[in-house]
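Asks: Handing you this structure, nothing more for now.
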Amino acid sequence: YGIQISGGKIRTLQPSRLRVVKNDIYDFSRIRRTYQGAVMFNGVGIYVANNTITKGPHTGIIGSGANNLFEHNFISRISYECTDTGAFYTGRSWAQRGNVARFNTFDNVRNIERLAQKGQRQIAFYIDDQMSGWDFYGNVIQNCNTGVFVGGGRDNKIHDNYFESNDLDIHLDNRGMTWQKQFCLRDCDPSMGTKCFYTALREVNYTFPPYAIEFPELVDIYSYHPGIPVGNIIEDNRYCHNAGERFKTFVRARDYVSQEQFFDVDSSIVSKWYSSLSNNREYCRSSTISR
């Protein structure tokens, strides 16, 4: 990996004030090809900014925690050797909230090798397995297989971003209502580890301060549609679906032509999940960001 950083106290939300700033990290994960990110984080109050992260076979930024900020990072040519992975990856918690990713650029997150799996998904920003409470705004996502993947989480805000020439811009699903329903049970077995969300909530005393004050939506979480991806807001995003020629030289080993799509769920279904989809429209900039 490139940089590993850990600090702060998750139970009290005491910030670490650790910083990862102005680094150029490239050609990492050369021996161990997976889960060896350029930046691996764990904790509270971590600041990751103005880094250039390029040429990684699996994930670029990966970790967990609360009240962390990621901004002005350039992330390119990541996840080229794997599927079901993200250039930025975090997942599996209802408790870890208050995280922000803003003003970052994600570029060319695609496979460049023929993979064994039939389905191919390389994701720029991946909040997996019901990860909740992220604010993702002001970012540019271009020439990626998938832009943002919300894997069944709650209270995530995806807004004011720009998407260009991605196969799919945003995905949202309801896995907490189907194959991950057992994760959401208040009486889930603690031996399930991170698959039992109540364990992490209990460990931080989620019905008492500081969590009950900073994240009040947690207090009654088991009374408000547990398992349903409630409170997700996808709004004011712009997308461009006719600029593929700009990225032609970057695309390799693609044996299919994709139909570019902004969102893959009908808005009426999103409403039934007590989430919202509004004011997203097509708009193409005159130029894109590259380095």
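Simple scheme: letters A, B, ... for chains in structure tokens order, numbers from 1 for residues in each chain, numbers from 1 for ligands in the order shown.
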Find the spatial neighbours of Thr146 in chain A, counting only C-alpha atoms, within a cut-off of 7 Å - ignore same-chain residues fewer than 5 positions away - and output them as a short mmCIF file (atom, residue, chain, number, x, y, z; two decimals) with C-alpha atoms, in the first residue's frame.
Replies:
```cif
data_model
loop_
_atom_site.label_atom_id
_atom_site.label_comp_id
_atom_site.auth_asym_id
_atom_site.auth_seq_id
_atom_site.Cartn_x
_atom_site.Cartn_y
_atom_site.Cartn_z
CA ARG A 121 -18.08 -3.41 -12.50
CA GLN A 122 -15.34 -0.96 -11.60
CA ILE A 123 -16.72 1.89 -9.51
CA ALA A 124 -15.35 5.35 -8.88
CA ASN A 166 -19.53 6.64 -17.79
CA ASP A 167 -21.40 3.43 -18.57
CA LEU A 168 -23.59 4.05 -15.51
CA ASP A 169 -23.45 7.23 -13.47
CA ILE A 170 -25.30 6.27 -10.27
#
```
Asks: What are the DSSP strand (DSSP E) residues of range 33-103 of chain A, as a ChimeraX atom specification?
Replies: /A:39-44,47-49,52-56,61-66,69-71,74-78,85-91,99-102
Asks: List as JSON lines every residue of range 75-159 of chain A that is in contact with range 12-31 of chain A, defined as an atom at most 10 Å from one of its atoms (using only C-alpha atoms), together with the nearest atom pair and the distance in Å rounded to one decimal, sorted by chain and then rising number.
Replies:
```
{"residue": "A:Ile75", "atom": "CA", "partner": "A:Ile25", "partner_atom": "CA", "distance": 9.7}
{"residue": "A:Ser76", "atom": "CA", "partner": "A:Tyr26", "partner_atom": "CA", "distance": 9.6}
{"residue": "A:Arg77", "atom": "CA", "partner": "A:Tyr26", "partner_atom": "CA", "distance": 9.6}
{"residue": "A:Ile78", "atom": "CA", "partner": "A:Tyr26", "partner_atom": "CA", "distance": 9.8}
{"residue": "A:Gln96", "atom": "CA", "partner": "A:Leu13", "partner_atom": "CA", "distance": 10.0}
```
Asks: Export, as a PDB file, in the first residue's frame, the selected residues with C-alpha atoms.
Replies:
```pdb
ATOM      1  CA  ILE A  75      -7.799   9.504  -8.795  1.00  0.00           C
ATOM      2  CA  SER A  76      -7.129   7.861 -12.148  1.00  0.00           C
ATOM      3  CA  ARG A  77      -6.480   4.455 -13.727  1.00  0.00           C
ATOM      4  CA  ILE A  78      -7.596   2.482 -10.691  1.00  0.00           C
ATOM      5  CA  GLN A  96     -20.038   5.527  10.746  1.00  0.00           C
TER       6      GLN A  96
END
```
Asks: Rounded to one decimal in Å, what is the spacing between CA of Tyr126 in chain A and CA of Val150 in chain A?
Replies: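 A separation of 6.6 Å between them.
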Asks: Any idea what the distance is between CA of Pro209 in chain A and CA of Arg154 in chain A?
Replies: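 Computed distance, CA of Pro209 in chain A to CA of Arg154 in chain A, equals 20.6 Å.
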Asks: Tell me which of A:Asn156, A:Ser268, A:Ser278, A:Thr194 sits closest to Arg238 in chain A, counting only C-alpha atoms.
Replies: A:Ser278
Asks: Sort by chain and increasing residue number a table of all residues of range 124-205 of chain A within 7 Å of range 212-229 of chain A, each with its closest pair of atoms and their distance in Å to one decimal, counting only C-alpha atoms, and write it as a Markdown table.
Replies:
```
| residue | atom | partner | partner_atom | distance |
| --- | --- | --- | --- | --- |
| A:Gly152 | CA | A:Pro229 | CA | 5.2 |
| A:Gly153 | CA | A:Pro229 | CA | 5.3 |
| A:Arg154 | CA | A:Pro229 | CA | 4.9 |
| A:Asn174 | CA | A:Pro229 | CA | 5.9 |
| A:Gly176 | CA | A:Gly227 | CA | 4.1 |
| A:Met177 | CA | A:Gly227 | CA | 5.2 |
| A:Lys181 | CA | A:Gly227 | CA | 6.2 |
| A:Cys184 | CA | A:Gly227 | CA | 5.6 |
```
Asks: Show me, as an NGL selection string, the residues that have an atom within 10 Å of Cys284 in chain A when counting only C-alpha atoms, minus same-chain residues fewer than 4 positions from it.
Replies: :A and (162-164 or 238-243 or 288)
Asks: Export C-alpha atoms of the chosen residues as a PDB file, in the first residue's frame?
Replies:
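The resulting file, part_0.pdb, is shown below:
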```
ATOM      1  CA  TYR A 162     -20.629  16.134 -12.872  1.00  0.00           C
ATOM      2  CA  PHE A 163     -20.626  12.801 -14.733  1.00  0.00           C
ATOM      3  CA  GLU A 164     -19.255  12.300 -18.225  1.00  0.00           C
ATOM      4  CA  ARG A 238     -25.236  16.970 -14.294  1.00  0.00           C
ATOM      5  CA  TYR A 239     -24.307  14.285 -16.785  1.00  0.00           C
ATOM      6  CA  CYS A 240     -22.982  14.134 -20.334  1.00  0.00           C
ATOM      7  CA  HIS A 241     -23.550  11.033 -22.449  1.00  0.00           C
ATOM      8  CA  ASN A 242     -22.240  11.972 -25.868  1.00  0.00           C
ATOM      9  CA  ALA A 243     -18.560  12.685 -25.283  1.00  0.00           C
ATOM     10  CA  THR A 288     -12.862  17.824 -19.073  1.00  0.00           C
TER      11      THR A 288
END
```
Asks: I'd like the contact shell of Tyr47 in chain A - 12 Å cut-off, only C-alpha atoms, skipping same-chain residues fewer than 2 positions apart - returned as a ChimeraX atom specification.
Replies: /A:5-8,15-22,39,41-45,49-51,65-73,99-102
Asks: In terms of the shortest atom-to-atom distance over only C-alpha atoms, which of A:Thr52, A:Thr85, A:Thr90, A:Asn237 is closest to Ser64 in chain A?
Replies: A:Thr90
